[in-house]
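Pasting data-v3.cif here (mmCIF, C-alpha atoms):
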data_run
#
loop_
_atom_site.label_atom_id
_atom_site.label_comp_id
_atom_site.auth_asym_id
_atom_site.auth_seq_id
_atom_site.Cartn_x
_atom_site.Cartn_y
_atom_site.Cartn_z
CA MET A 415 0.00 0.00 0.00
CA PRO A 416 2.56 2.56 -1.08
CA LEU A 417 1.67 6.19 -0.55
CA SER A 418 1.90 7.07 -4.25
CA ARG A 419 -0.68 4.37 -5.05
CA ALA A 420 -3.08 5.81 -2.48
CA PHE A 421 -2.45 9.34 -3.84
CA PHE A 422 -3.25 8.38 -7.42
CA ALA A 423 -6.18 6.20 -6.40
CA ILE A 424 -7.79 9.23 -4.74
CA VAL A 425 -7.03 11.49 -7.72
CA ARG A 426 -8.43 8.90 -10.09
CA ARG A 427 -11.54 8.34 -7.98
CA ASP A 428 -12.29 12.07 -7.79
CA LEU A 429 -11.79 12.59 -11.52
CA LEU A 430 -14.10 9.66 -12.19
CA LEU A 431 -16.69 11.14 -9.84
CA ALA A 432 -16.43 14.53 -11.55
CA LEU A 433 -16.98 12.84 -14.87
CA ARG A 434 -20.12 11.15 -13.56
CA ARG A 435 -21.51 14.39 -12.10
CA ARG A 436 -20.70 16.80 -14.86
CA SER A 437 -22.42 19.83 -13.35
CA GLU A 438 -19.53 20.07 -10.93
CA ILE A 439 -17.18 20.86 -13.82
CA ALA A 440 -19.68 22.87 -15.80
CA ASN A 441 -20.98 25.22 -13.09
CA PRO A 442 -17.82 27.21 -12.25
CA LEU A 443 -16.81 27.30 -15.90
CA LEU A 444 -20.22 28.55 -17.00
CA PHE A 445 -20.16 31.17 -14.24
CA PHE A 446 -16.69 32.31 -15.39
CA VAL A 447 -17.78 32.68 -19.02
CA LEU A 448 -21.11 34.36 -18.15
CA VAL A 449 -19.65 36.99 -15.85
CA ILE A 450 -16.92 37.92 -18.29
CA SER A 451 -19.26 38.10 -21.26
CA LEU A 452 -21.66 40.38 -19.37
CA PHE A 453 -19.04 43.11 -18.84
CA PRO A 454 -18.91 44.34 -22.47
CA LEU A 455 -22.71 44.57 -22.43
CA GLY A 456 -22.71 46.54 -19.21
CA LEU A 457 -19.95 48.93 -20.20
CA GLY A 458 -21.29 49.76 -23.66
CA ALA A 459 -19.15 50.47 -26.71
CA ARG A 460 -15.97 51.51 -24.93
CA PRO A 461 -13.25 49.11 -26.12
CA GLN A 462 -10.42 51.13 -24.53
CA LEU A 463 -11.98 50.96 -21.08
CA LEU A 464 -12.72 47.26 -21.51
CA GLN A 465 -9.17 46.59 -22.59
CA ALA A 466 -7.81 48.47 -19.58
CA ILE A 467 -9.87 46.55 -17.03
CA ALA A 468 -9.72 43.15 -18.78
CA PRO A 469 -7.04 41.66 -16.46
CA GLY A 470 -9.07 42.63 -13.41
CA ILE A 471 -12.31 41.26 -14.89
CA ILE A 472 -10.78 37.91 -15.77
CA TRP A 473 -9.02 37.48 -12.44
CA VAL A 474 -11.97 38.54 -10.28
CA SER A 475 -14.20 36.14 -12.23
CA ALA A 476 -11.66 33.33 -11.85
CA LEU A 477 -11.49 33.98 -8.13
CA LEU A 478 -15.27 33.93 -7.71
CA ALA A 479 -15.55 30.81 -9.88
CA ALA A 480 -12.97 29.12 -7.67
CA LEU A 481 -14.88 30.17 -4.55
CA LEU A 482 -18.10 28.82 -6.06
CA SER A 483 -16.51 25.44 -6.73
CA LEU A 484 -14.87 25.03 -3.31
CA ASP A 485 -17.82 23.55 -1.47
CA SER A 486 -17.78 20.44 -3.65
CA LEU A 487 -14.24 19.64 -2.49
CA PHE A 488 -15.18 17.72 0.68
CA ARG A 489 -18.99 17.95 0.77
CA SER A 490 -19.98 14.60 -0.73
CA ASP A 491 -17.15 12.80 1.07
CA PHE A 492 -18.38 14.27 4.34
CA ASP A 493 -21.98 13.32 3.64
CA ASP A 494 -21.38 9.69 2.67
CA GLY A 495 -18.66 8.84 5.19
CA SER A 496 -15.78 8.57 2.70
CA LEU A 497 -14.06 11.30 4.67
CA GLU A 498 -14.11 9.18 7.82
CA GLN A 499 -12.61 6.29 5.88
CA MET A 500 -9.92 8.59 4.50
CA LEU A 501 -9.02 9.78 8.00
CA LEU A 502 -8.82 6.17 9.20
CA SER A 503 -6.38 5.17 6.48
CA PRO A 504 -2.81 4.54 7.69
CA HIS A 505 -1.50 7.13 5.21
CA PRO A 506 -0.87 10.72 6.28
CA THR A 507 -4.14 12.60 5.85
CA SER A 508 -2.34 15.66 4.48
CA VAL A 509 -1.11 13.70 1.44
CA LEU A 510 -4.60 12.34 0.75
CA VAL A 511 -5.97 15.89 1.12
CA LEU A 512 -3.38 17.06 -1.39
CA ALA A 513 -4.62 14.33 -3.76
CA LYS A 514 -8.18 15.63 -3.41
CA ILE A 515 -7.03 19.21 -4.01
CA THR A 516 -5.10 18.10 -7.11
CA ALA A 517 -8.15 16.40 -8.56
CA HIS A 518 -10.30 19.40 -7.66
CA TRP A 519 -7.94 21.78 -9.46
CA LEU A 520 -7.83 19.55 -12.53
CA VAL A 521 -11.62 19.62 -12.63
CA THR A 522 -12.33 23.26 -11.76
CA GLY A 523 -9.09 25.23 -12.28
CA LEU A 524 -7.70 23.78 -15.47
CA PRO A 525 -10.87 24.40 -17.56
CA LEU A 526 -10.64 28.12 -16.68
CA LEU A 527 -7.10 28.10 -18.03
CA LEU A 528 -8.24 26.54 -21.29
CA ILE A 529 -11.10 28.94 -21.92
CA ALA A 530 -9.28 32.10 -20.73
CA PRO A 531 -7.42 32.91 -24.00
CA LEU A 532 -10.73 33.02 -25.84
CA LEU A 533 -12.23 35.38 -23.28
CA ALA A 534 -9.09 37.53 -23.29
CA VAL A 535 -9.40 38.03 -27.05
CA PHE A 536 -13.09 38.75 -26.52
CA LEU A 537 -12.19 41.59 -24.13
CA GLY A 538 -9.57 42.94 -26.57
CA MET A 539 -6.51 42.10 -24.50
CA PRO A 540 -3.24 42.60 -26.41
CA GLN A 541 -1.49 39.49 -27.71
CA ALA A 542 1.52 39.95 -25.45
CA ALA A 543 -0.62 39.91 -22.32
CA ILE A 544 -2.49 36.69 -23.10
CA GLY A 545 0.55 34.50 -22.50
CA VAL A 546 1.13 36.22 -19.17
CA LEU A 547 -2.53 35.83 -18.27
CA LEU A 548 -2.23 32.08 -18.80
CA LEU A 549 0.95 31.95 -16.75
CA THR A 550 -0.67 33.82 -13.84
CA LEU A 551 -3.72 31.55 -14.01
CA LEU A 552 -1.47 28.48 -14.06
CA LEU A 553 0.36 29.70 -10.97
CA GLY A 554 -2.55 31.35 -9.22
CA THR A 555 -5.54 29.00 -9.52
CA PRO A 556 -3.79 26.11 -7.69
CA VAL A 557 -3.17 28.55 -4.82
CA LEU A 558 -6.91 29.29 -4.77
CA SER A 559 -7.68 25.56 -4.51
CA LEU A 560 -5.01 24.92 -1.86
CA VAL A 561 -5.89 27.86 0.38
CA GLY A 562 -9.60 27.30 -0.19
CA ALA A 563 -9.23 23.70 1.02
CA ILE A 564 -8.37 24.94 4.52
CA GLY A 565 -11.53 27.02 4.58
CA VAL A 566 -13.77 24.21 3.30
CA ALA A 567 -12.22 21.74 5.72
CA LEU A 568 -13.12 24.08 8.57
CA THR A 569 -16.69 24.71 7.41
CA VAL A 570 -17.70 21.33 5.94
CA GLY A 571 -19.31 20.27 9.22
CA LEU A 572 -21.54 23.36 9.33
CA ARG A 573 -24.92 23.19 7.71
CA ARG A 574 -24.68 26.60 6.10
CA GLY A 575 -21.01 27.32 5.91
CA GLY A 576 -21.09 29.20 2.60
CA MET A 577 -20.99 32.72 4.00
CA ILE A 578 -18.33 31.92 6.60
CA LEU A 579 -16.30 30.18 3.92
CA SER A 580 -16.23 33.32 1.77
CA LEU A 581 -15.29 35.48 4.75
CA LEU A 582 -12.51 33.08 5.72
CA VAL A 583 -11.06 32.51 2.31
CA LEU A 584 -11.45 35.79 0.37
CA PRO A 585 -8.89 37.78 2.40
CA LEU A 586 -6.36 35.02 1.75
CA TYR A 587 -7.11 35.21 -1.97
CA VAL A 588 -6.32 38.92 -2.15
CA PRO A 589 -2.51 38.64 -2.58
CA VAL A 590 -3.00 36.32 -5.56
CA LEU A 591 -5.51 38.71 -7.08
CA ILE A 592 -3.24 41.73 -6.61
CA PHE A 593 -0.07 40.23 -8.04
CA ALA A 594 -1.72 38.27 -10.84
CA GLY A 595 -3.92 41.16 -11.96
CA ASN A 596 -1.00 43.53 -11.78
CA ALA A 597 1.26 41.20 -13.81
CA VAL A 598 -1.27 41.00 -16.63
CA ALA A 599 -1.91 44.75 -16.61
CA MET A 600 1.84 45.49 -16.72
CA ALA A 601 2.33 42.98 -19.54
CA SER A 602 -0.38 44.74 -21.59
CA LEU A 603 1.70 47.92 -21.29
CA GLY A 604 4.87 46.07 -22.24
CA LEU A 605 6.51 46.47 -18.80
CA PRO A 606 8.62 43.80 -17.05
CA ILE A 607 6.74 41.41 -14.76
CA THR A 608 9.47 39.24 -13.25
CA ALA A 609 8.78 40.40 -9.70
CA GLN A 610 5.06 39.61 -9.80
CA ILE A 611 5.64 36.20 -11.36
CA ASN A 612 8.29 35.37 -8.76
CA ILE A 613 5.91 36.28 -5.98
CA LEU A 614 3.19 34.10 -7.53
CA ILE A 615 5.64 31.19 -7.72
CA ALA A 616 6.55 31.76 -4.08
CA LEU A 617 2.86 31.85 -3.09
CA LEU A 618 2.23 28.60 -4.95
CA LEU A 619 5.17 26.79 -3.35
CA LEU A 620 4.21 28.09 0.08
CA ALA A 621 0.59 26.99 -0.33
CA LEU A 622 1.64 23.62 -1.72
CA VAL A 623 3.81 22.90 1.30
CA LEU A 624 1.79 24.56 4.04
CA ALA A 625 -1.90 24.21 3.11
CA PRO A 626 -2.45 20.40 3.32
CA TRP A 627 -1.53 20.21 7.03
CA PRO A 628 -4.04 22.70 8.43
CA ALA A 629 -6.64 21.33 5.99
CA ALA A 630 -6.08 17.77 7.31
CA ALA A 631 -6.22 18.97 10.91
CA ALA A 632 -9.41 20.94 10.21
CA LEU A 633 -11.03 17.88 8.62
CA LYS A 634 -10.32 15.86 11.76
CA MET A 635 -12.05 18.58 13.77
CA SER A 636 -15.02 18.67 11.39
CA VAL A 637 -15.56 14.92 11.61
CA ASN A 638 -15.58 15.03 15.41
CA MET B 509 0.85 -13.96 15.62
CA ASN B 510 1.84 -12.18 18.79
CA GLY B 511 -1.02 -10.98 20.89
CA GLN B 512 -2.79 -7.81 19.91
CA HIS B 513 -5.14 -6.10 22.27
CA LEU B 514 -7.30 -3.04 22.45
CA THR B 515 -7.72 -1.64 25.93
CA GLY B 516 -9.68 1.23 27.34
CA SER B 517 -9.04 2.47 30.83
CA GLY B 518 -11.10 4.90 32.86
CA LEU B 519 -12.97 6.21 29.81
CA SER B 520 -15.48 8.98 30.26
CA CYS B 521 -17.60 10.75 27.74
CA ILE B 522 -19.53 13.91 28.51
CA ARG B 523 -21.85 15.39 25.93
CA ASP B 524 -23.68 18.66 26.45
CA ASP B 525 -23.16 18.42 30.24
CA ARG B 526 -24.62 14.92 30.24
CA VAL B 527 -22.37 12.11 31.43
CA LEU B 528 -22.78 9.24 28.95
CA PHE B 529 -20.35 6.92 30.71
CA GLU B 530 -17.67 7.22 33.33
CA GLY B 531 -14.71 5.10 34.43
CA LEU B 532 -15.27 2.55 31.70
CA ASP B 533 -12.65 -0.20 31.32
CA PHE B 534 -12.41 -2.90 28.69
CA SER B 535 -9.84 -5.12 27.10
CA VAL B 536 -10.26 -7.12 23.91
CA GLY B 537 -7.66 -9.58 22.70
CA ASN B 538 -7.14 -11.78 19.66
CA GLY B 539 -10.17 -13.86 18.74
CA GLU B 540 -12.51 -11.92 21.01
CA ALA B 541 -15.51 -9.74 20.36
CA LEU B 542 -16.82 -6.88 22.45
CA LEU B 543 -20.51 -6.09 22.19
CA LEU B 544 -21.73 -2.71 23.40
CA GLU B 545 -25.35 -2.70 24.47
CA GLY B 546 -27.63 0.04 25.62
CA LYS B 547 -30.56 2.24 24.75
CA ASN B 548 -30.48 4.83 21.99
CA GLY B 549 -28.39 7.76 23.09
CA SER B 550 -26.55 5.80 25.75
CA GLY B 551 -23.19 6.54 24.18
CA LYS B 552 -22.51 3.43 22.12
CA THR B 553 -21.63 5.31 18.97
CA SER B 554 -19.68 7.89 20.98
CA LEU B 555 -17.58 5.10 22.44
CA LEU B 556 -16.97 3.66 18.98
CA ARG B 557 -15.91 7.07 17.71
CA ILE B 558 -13.51 7.36 20.64
CA ILE B 559 -12.10 3.95 19.70
CA CYS B 560 -11.72 5.20 16.13
CA GLY B 561 -9.85 8.25 17.36
CA PHE B 562 -12.42 10.67 15.90
CA ARG B 563 -13.03 12.17 19.30
CA ASP B 564 -10.97 12.24 22.46
CA PRO B 565 -12.40 10.75 25.62
CA ASP B 566 -13.07 13.32 28.34
CA ALA B 567 -11.03 11.15 30.67
CA GLY B 568 -9.07 7.94 30.29
CA GLN B 569 -7.27 6.44 27.36
CA VAL B 570 -7.69 3.88 24.61
CA GLN B 571 -4.60 1.91 23.69
CA TRP B 572 -3.76 -0.49 20.88
CA CYS B 573 -1.09 -2.99 21.89
CA GLY B 574 -0.06 -0.70 24.72
CA ALA B 575 0.46 2.41 22.59
CA ALA B 576 -1.73 5.46 22.09
CA LEU B 577 -3.99 5.33 19.02
CA ASN B 578 -2.36 8.08 17.01
CA SER B 579 1.06 6.47 17.28
CA GLY B 580 2.26 3.32 15.57
CA ASP B 581 0.31 1.07 13.31
CA TYR B 582 -3.17 1.32 14.73
CA TYR B 583 -4.77 2.66 11.57
CA ALA B 584 -3.10 0.01 9.43
CA ASP B 585 -4.83 -2.58 11.61
CA MET B 586 -8.33 -1.21 12.11
CA ALA B 587 -11.40 -0.87 9.95
CA TYR B 588 -14.59 0.98 10.80
CA ILE B 589 -18.08 0.67 9.39
CA GLY B 590 -20.35 3.33 10.76
CA HIS B 591 -23.81 4.71 10.09
CA LEU B 592 -22.37 6.24 6.93
CA ASP B 593 -21.01 3.49 4.76
CA GLY B 594 -18.21 5.48 3.11
CA ILE B 595 -19.15 4.14 -0.29
CA LYS B 596 -19.39 6.38 -3.34
CA LYS B 597 -22.77 5.88 -4.96
CA GLU B 598 -21.65 7.21 -8.36
CA LEU B 599 -18.92 4.58 -8.60
CA THR B 600 -19.30 0.92 -9.40
CA VAL B 601 -18.86 -1.84 -6.83
CA LEU B 602 -15.47 -2.71 -8.30
CA GLU B 603 -14.22 0.89 -8.35
CA ASN B 604 -15.20 1.34 -4.71
CA LEU B 605 -13.34 -1.78 -3.64
CA ASN B 606 -10.29 -0.79 -5.65
CA VAL B 607 -10.09 2.55 -3.85
CA ALA B 608 -10.42 0.79 -0.49
CA LEU B 609 -7.68 -1.60 -1.53
CA ALA B 610 -5.36 1.24 -2.54
CA LEU B 611 -5.73 2.77 0.92
CA ALA B 612 -4.91 -0.39 2.86
CA GLN B 613 -3.00 -3.64 2.73
CA ALA B 614 -4.51 -6.46 0.68
CA GLY B 615 -6.30 -9.02 2.81
CA SER B 616 -7.11 -12.71 2.63
CA HIS B 617 -9.78 -12.41 -0.07
CA SER B 618 -9.38 -11.21 -3.62
CA ILE B 619 -12.09 -8.83 -4.82
CA ASP B 620 -13.87 -11.60 -6.73
CA ALA B 621 -13.72 -13.97 -3.78
CA ALA B 622 -15.00 -11.29 -1.42
CA LEU B 623 -17.92 -10.42 -3.70
CA GLU B 624 -18.79 -14.09 -3.93
CA ARG B 625 -18.65 -14.40 -0.17
CA VAL B 626 -21.12 -11.54 0.34
CA ARG B 627 -23.29 -12.76 -2.52
CA LEU B 628 -22.68 -9.80 -4.81
CA THR B 629 -21.11 -11.74 -7.69
CA GLY B 630 -22.15 -10.23 -10.99
CA TYR B 631 -22.59 -6.77 -9.52
CA ASP B 632 -18.95 -5.75 -10.20
CA HIS B 633 -19.89 -3.10 -12.72
CA ALA B 634 -23.16 -2.00 -11.18
CA LEU B 635 -23.28 1.57 -9.88
CA VAL B 636 -23.69 1.52 -6.13
CA GLN B 637 -26.72 3.83 -6.35
CA THR B 638 -28.60 1.00 -8.04
CA LEU B 639 -28.00 -1.33 -5.08
CA SER B 640 -30.44 -1.79 -2.21
CA ALA B 641 -29.59 -0.76 1.34
CA GLY B 642 -28.85 -4.35 2.32
CA GLN B 643 -26.61 -4.87 -0.70
CA LYS B 644 -24.67 -1.73 0.23
CA ARG B 645 -24.18 -3.17 3.72
CA ARG B 646 -22.84 -6.36 2.19
CA LEU B 647 -20.51 -4.29 0.01
CA SER B 648 -19.14 -2.73 3.22
CA LEU B 649 -18.47 -6.25 4.45
CA ALA B 650 -16.66 -7.04 1.21
CA ARG B 651 -14.45 -4.03 1.91
CA LEU B 652 -13.49 -5.60 5.24
CA LEU B 653 -12.64 -8.85 3.50
CA VAL B 654 -10.41 -7.45 0.75
CA THR B 655 -8.32 -5.42 3.20
CA LYS B 656 -6.08 -6.85 5.87
CA LYS B 657 -7.43 -5.44 9.10
CA ARG B 658 -7.14 -7.11 12.49
CA LEU B 659 -9.66 -4.99 14.35
CA TRP B 660 -13.16 -4.46 13.03
CA VAL B 661 -15.16 -1.65 14.60
CA LEU B 662 -18.78 -2.04 13.54
CA ASP B 663 -21.65 0.29 14.36
CA GLU B 664 -24.96 -1.56 14.04
CA PRO B 665 -23.71 -3.97 11.36
CA PHE B 666 -27.09 -5.71 11.03
CA THR B 667 -29.15 -2.67 10.06
CA ALA B 668 -30.99 -3.08 6.75
CA LEU B 669 -29.90 -6.70 6.38
CA ASP B 670 -32.35 -9.56 5.86
CA LYS B 671 -32.17 -12.87 7.76
CA HIS B 672 -29.61 -14.34 5.37
CA GLY B 673 -27.55 -11.17 5.48
CA ILE B 674 -27.48 -11.25 9.29
CA ALA B 675 -26.44 -14.92 9.26
CA LEU B 676 -23.75 -14.13 6.70
CA THR B 677 -22.42 -11.21 8.75
CA GLN B 678 -22.27 -13.35 11.87
CA ALA B 679 -20.49 -16.13 9.99
CA LEU B 680 -17.92 -13.68 8.66
CA MET B 681 -17.44 -12.23 12.13
CA ALA B 682 -16.95 -15.68 13.64
CA GLU B 683 -14.41 -16.50 10.93
CA HIS B 684 -12.57 -13.27 11.55
CA CYS B 685 -12.32 -14.04 15.27
CA ALA B 686 -11.29 -17.63 14.59
CA ALA B 687 -8.43 -16.26 12.48
CA GLY B 688 -7.31 -14.18 15.45
CA GLY B 689 -9.15 -10.97 14.60
CA LEU B 690 -10.80 -8.60 17.07
CA ILE B 691 -14.25 -7.09 16.83
CA VAL B 692 -15.90 -4.24 18.68
CA LEU B 693 -19.52 -3.71 17.77
CA THR B 694 -22.82 -2.24 18.80
CA SER B 695 -26.03 -4.03 18.02
CA HIS B 696 -29.66 -4.34 19.01
CA HIS B 697 -29.83 -7.83 17.56
CA ASP B 698 -28.99 -10.93 19.53
CA LEU B 699 -25.45 -11.81 18.72
CA ASN B 700 -24.79 -15.45 18.08
CA LEU B 701 -21.15 -16.02 17.19
CA HIS B 702 -20.03 -19.59 16.89
CA ARG B 703 -17.25 -20.43 19.38
CA VAL B 704 -16.24 -16.84 20.04
CA THR B 705 -15.81 -15.24 23.45
CA VAL B 706 -18.17 -12.29 23.44
CA GLN B 707 -17.74 -9.70 26.15
CA ARG B 708 -20.67 -7.47 26.80
CA ILE B 709 -20.72 -3.94 28.15
CA ALA B 710 -24.07 -2.46 29.00
CA LEU B 711 -24.16 1.32 28.78
CA SER B 712 -27.00 2.98 30.59
#
This entry written out as structure tokens:
Amino acid sequence: MPLSRAFFAIVRRDLLLALRRRSEIANPLLFFVLVISLFPLGLGARPQLLQAIAPGIIWVSALLAALLSLDSLFRSDFDDGSLEQMLLSPHPTSVLVLAKITAHWLVTGLPLLLIAPLLAVFLGMPQAAIGVLLLTLLLGTPVLSLVGAIGVALTVGLRRGGMILSLLVLPLYVPVLIFAGNAVAMASLGLPITAQINILIALLLLALVLAPWPAAAALKMSVN
Amino acid sequence: MNGQHLTGSGLSCIRDDRVLFEGLDFSVGNGEALLLEGKNGSGKTSLLRIICGFRDPDAGQVQWCGAALNSGDYYADMAYIGHLDGIKKELTVLENLNVALALAQAGSHSIDAALERVRLTGYDHALVQTLSAGQKRRLSLARLLVTKKRLWVLDEPFTALDKHGIALTQALMAEHCAAGGLIVLTSHHDLNLHRVTVQRIALS
């Protein structure tokens, strides 16, 4: 029962589950596309303004889509007892939690990445900035899933934890939003963005190493 | 097979200012079963959850082979079936068992043999949501068989089972004890395990 086998078994199981309940993939993605496509309608025929605020629009929508998808991370496992079984496994819970977060990102984060270039063109973002947008999404959305996991783990035992979850998690999302949005905006102006990207990489590594432990501990509390 | 034992000493559980039990001691060794009896709300499930390590006792300690639960190999050796079966209803029977197998050491039965034992042969590729409540219970039993666990902790294992299912569960439990396994369970049914020492604790 090597640890890697358990890790991939959990990832595989969660991907399979997502495939069988497609709304879980579709909902955040649909939300992301809808919000972004409503902005041009709301702002009227002002392409310059739209172009200027495009990085912010895309990143705020990505952040809210991530928040919307968080609840599904542990909810069904909590309801049907799979979470208890996971906690009772001899493997470190933090690694199994990381497996669940990985699967969750593949299902909810990666699709945003794939559709984003299309939406960026739609908002009139310059060519040079689209690559940077993808890079920031690649680095930033996993942070959203990792940090969000701590919040969901804390609130999964509550009947209506949605509001508390947003209050807990949104402040922690702000650094990602600031640096990612800023990187894309700077890239549209042709300015260097090394600093912002480095900070995003640092945030990702930090979240990758530090988030699974508190999430595992919070799950143990929620099951109690 | 050196002796394994689960002991509880001086256990207390207080819930919402109500004392469920106090100063409870027990010791279960290889080949033995411990049956917890009592009315609804008398703390049977709470005791099981303490044994699982989900909640800490308000006083006292549970030990596996003389060591605290969160240290050593306790979780490699124990399996729990609770009110929630921990089975994914959108997955097939086979997929569920494969996940269980990936999280634990392989046991005495192969998946096919286990399914045959619990009379679910032919259901390998059936989605669990199409199974009846009793069949799901039997699938939980199959999970116990495919993994190598010494200690079974079972919360009301006979719920939703028909007469044959109950007989089957008891036969499997007797076999497990005969092979040196340990069982802690709660039940409202009369327990009739062939040639197994059954200790009883009545919670009031």
For the PyMOL selection byres ((chain A) within 12 of (chain B)), applied here, can you spell out every residue it catches as a compact mmCIF listing (two decimals) with C-alpha atoms, keeping the file's coordinate frame?
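That gives us result.txt:
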# COMPACT_ATOMS: atom_id res chain seq x y z
CA MET A 415 0.00 0.00 0.00
CA PRO A 416 2.56 2.56 -1.08
CA LEU A 417 1.67 6.19 -0.55
CA SER A 418 1.90 7.07 -4.25
CA ARG A 419 -0.68 4.37 -5.05
CA ALA A 420 -3.08 5.81 -2.48
CA PHE A 421 -2.45 9.34 -3.84
CA PHE A 422 -3.25 8.38 -7.42
CA ALA A 423 -6.18 6.20 -6.40
CA ILE A 424 -7.79 9.23 -4.74
CA VAL A 425 -7.03 11.49 -7.72
CA ARG A 426 -8.43 8.90 -10.09
CA ARG A 427 -11.54 8.34 -7.98
CA ASP A 428 -12.29 12.07 -7.79
CA LEU A 429 -11.79 12.59 -11.52
CA LEU A 430 -14.10 9.66 -12.19
CA LEU A 431 -16.69 11.14 -9.84
CA ALA A 432 -16.43 14.53 -11.55
CA LEU A 433 -16.98 12.84 -14.87
CA ARG A 434 -20.12 11.15 -13.56
CA ARG A 435 -21.51 14.39 -12.10
CA ARG A 436 -20.70 16.80 -14.86
CA SER A 490 -19.98 14.60 -0.73
CA ASP A 491 -17.15 12.80 1.07
CA PHE A 492 -18.38 14.27 4.34
CA ASP A 493 -21.98 13.32 3.64
CA ASP A 494 -21.38 9.69 2.67
CA GLY A 495 -18.66 8.84 5.19
CA SER A 496 -15.78 8.57 2.70
CA LEU A 497 -14.06 11.30 4.67
CA GLU A 498 -14.11 9.18 7.82
CA GLN A 499 -12.61 6.29 5.88
CA MET A 500 -9.92 8.59 4.50
CA LEU A 501 -9.02 9.78 8.00
CA LEU A 502 -8.82 6.17 9.20
CA SER A 503 -6.38 5.17 6.48
CA PRO A 504 -2.81 4.54 7.69
CA HIS A 505 -1.50 7.13 5.21
CA PRO A 506 -0.87 10.72 6.28
CA THR A 507 -4.14 12.60 5.85
CA VAL A 509 -1.11 13.70 1.44
CA LEU A 510 -4.60 12.34 0.75
CA ALA A 631 -6.22 18.97 10.91
CA LEU A 633 -11.03 17.88 8.62
CA LYS A 634 -10.32 15.86 11.76
CA MET A 635 -12.05 18.58 13.77
CA SER A 636 -15.02 18.67 11.39
CA VAL A 637 -15.56 14.92 11.61
CA ASN A 638 -15.58 15.03 15.41
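Those residues that approach B:Thr553 to within 10 Å, counting only C-alpha atoms, are Leu544, Ile559, Gly590, His591, Leu662, Asp663, Glu664, Leu693 and Thr694 of chain B; same-chain residues fewer than 6 positions away are not listed.
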Written as a PDB file with C-alpha atoms, keeping the file's coordinate frame, which residues does the PyMOL selection byres ((chain A and resi 523-531) around 7) give for the file shown?
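Final output, saved to selection-v7.pdb:
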ATOM      1  CA  LEU A 443     -16.810  27.300 -15.900  1.00  0.00           C
ATOM      2  CA  TRP A 519      -7.940  21.780  -9.460  1.00  0.00           C
ATOM      3  CA  LEU A 520      -7.830  19.550 -12.530  1.00  0.00           C
ATOM      4  CA  VAL A 521     -11.620  19.620 -12.630  1.00  0.00           C
ATOM      5  CA  THR A 522     -12.330  23.260 -11.760  1.00  0.00           C
ATOM      6  CA  LEU A 532     -10.730  33.020 -25.840  1.00  0.00           C
ATOM      7  CA  LEU A 533     -12.230  35.380 -23.280  1.00  0.00           C
ATOM      8  CA  ALA A 534      -9.090  37.530 -23.290  1.00  0.00           C
ATOM      9  CA  VAL A 535      -9.400  38.030 -27.050  1.00  0.00           C
ATOM     10  CA  ILE A 544      -2.490  36.690 -23.100  1.00  0.00           C
ATOM     11  CA  LEU A 548      -2.230  32.080 -18.800  1.00  0.00           C
ATOM     12  CA  LEU A 551      -3.720  31.550 -14.010  1.00  0.00           C
ATOM     13  CA  LEU A 552      -1.470  28.480 -14.060  1.00  0.00           C
ATOM     14  CA  THR A 555      -5.540  29.000  -9.520  1.00  0.00           C
TER      15      THR A 555
END
| message | Assuming the chain letters and numbering stay as they are in my file, what does the PyMOL selection byres ((chain B and resi 618-622) around 7) actually select? List them as a list in words. | response | Ser616, His617, Leu623, Glu624, Arg625, Val626, Ala650, Leu653 and Val654 of chain B
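Taking atom CA of B:Ala668 as the reference point, atom CA of B:Gly642 is found at 5.1 Å.
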Could I get stretch 593-601 of chain A rebuilt with N, CA and C atoms, written as a PDB file, keeping the file's coordinate frame?
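And here's result_0.pdb as it stands now:
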ATOM      1  N   PHE A 593      -1.279  40.442  -7.240  1.00  0.00           N
ATOM      2  CA  PHE A 593      -0.070  40.230  -8.040  1.00  0.00           C
ATOM      3  C   PHE A 593      -0.384  39.692  -9.428  1.00  0.00           C
ATOM      4  N   ALA A 594      -1.382  38.820  -9.536  1.00  0.00           N
ATOM      5  CA  ALA A 594      -1.720  38.270 -10.840  1.00  0.00           C
ATOM      6  C   ALA A 594      -2.329  39.348 -11.725  1.00  0.00           C
ATOM      7  N   GLY A 595      -3.280  40.101 -11.192  1.00  0.00           N
ATOM      8  CA  GLY A 595      -3.920  41.160 -11.960  1.00  0.00           C
ATOM      9  C   GLY A 595      -2.907  42.193 -12.404  1.00  0.00           C
ATOM     10  N   ASN A 596      -2.017  42.540 -11.473  1.00  0.00           N
ATOM     11  CA  ASN A 596      -1.000  43.530 -11.780  1.00  0.00           C
ATOM     12  C   ASN A 596      -0.042  43.039 -12.867  1.00  0.00           C
ATOM     13  N   ALA A 597       0.340  41.762 -12.804  1.00  0.00           N
ATOM     14  CA  ALA A 597       1.260  41.200 -13.810  1.00  0.00           C
ATOM     15  C   ALA A 597       0.648  41.308 -15.200  1.00  0.00           C
ATOM     16  N   VAL A 598      -0.634  40.962 -15.311  1.00  0.00           N
ATOM     17  CA  VAL A 598      -1.270  41.000 -16.630  1.00  0.00           C
ATOM     18  C   VAL A 598      -1.396  42.441 -17.123  1.00  0.00           C
ATOM     19  N   ALA A 599      -1.764  43.351 -16.223  1.00  0.00           N
ATOM     20  CA  ALA A 599      -1.910  44.750 -16.610  1.00  0.00           C
ATOM     21  C   ALA A 599      -0.572  45.327 -17.081  1.00  0.00           C
ATOM     22  N   MET A 600       0.500  45.008 -16.348  1.00  0.00           N
ATOM     23  CA  MET A 600       1.840  45.490 -16.720  1.00  0.00           C
ATOM     24  C   MET A 600       2.256  44.921 -18.079  1.00  0.00           C
ATOM     25  N   ALA A 601       1.953  43.620 -18.281  1.00  0.00           N
ATOM     26  CA  ALA A 601       2.330  42.980 -19.540  1.00  0.00           C
ATOM     27  C   ALA A 601       1.605  43.632 -20.710  1.00  0.00           C
TER      28      ALA A 601
END
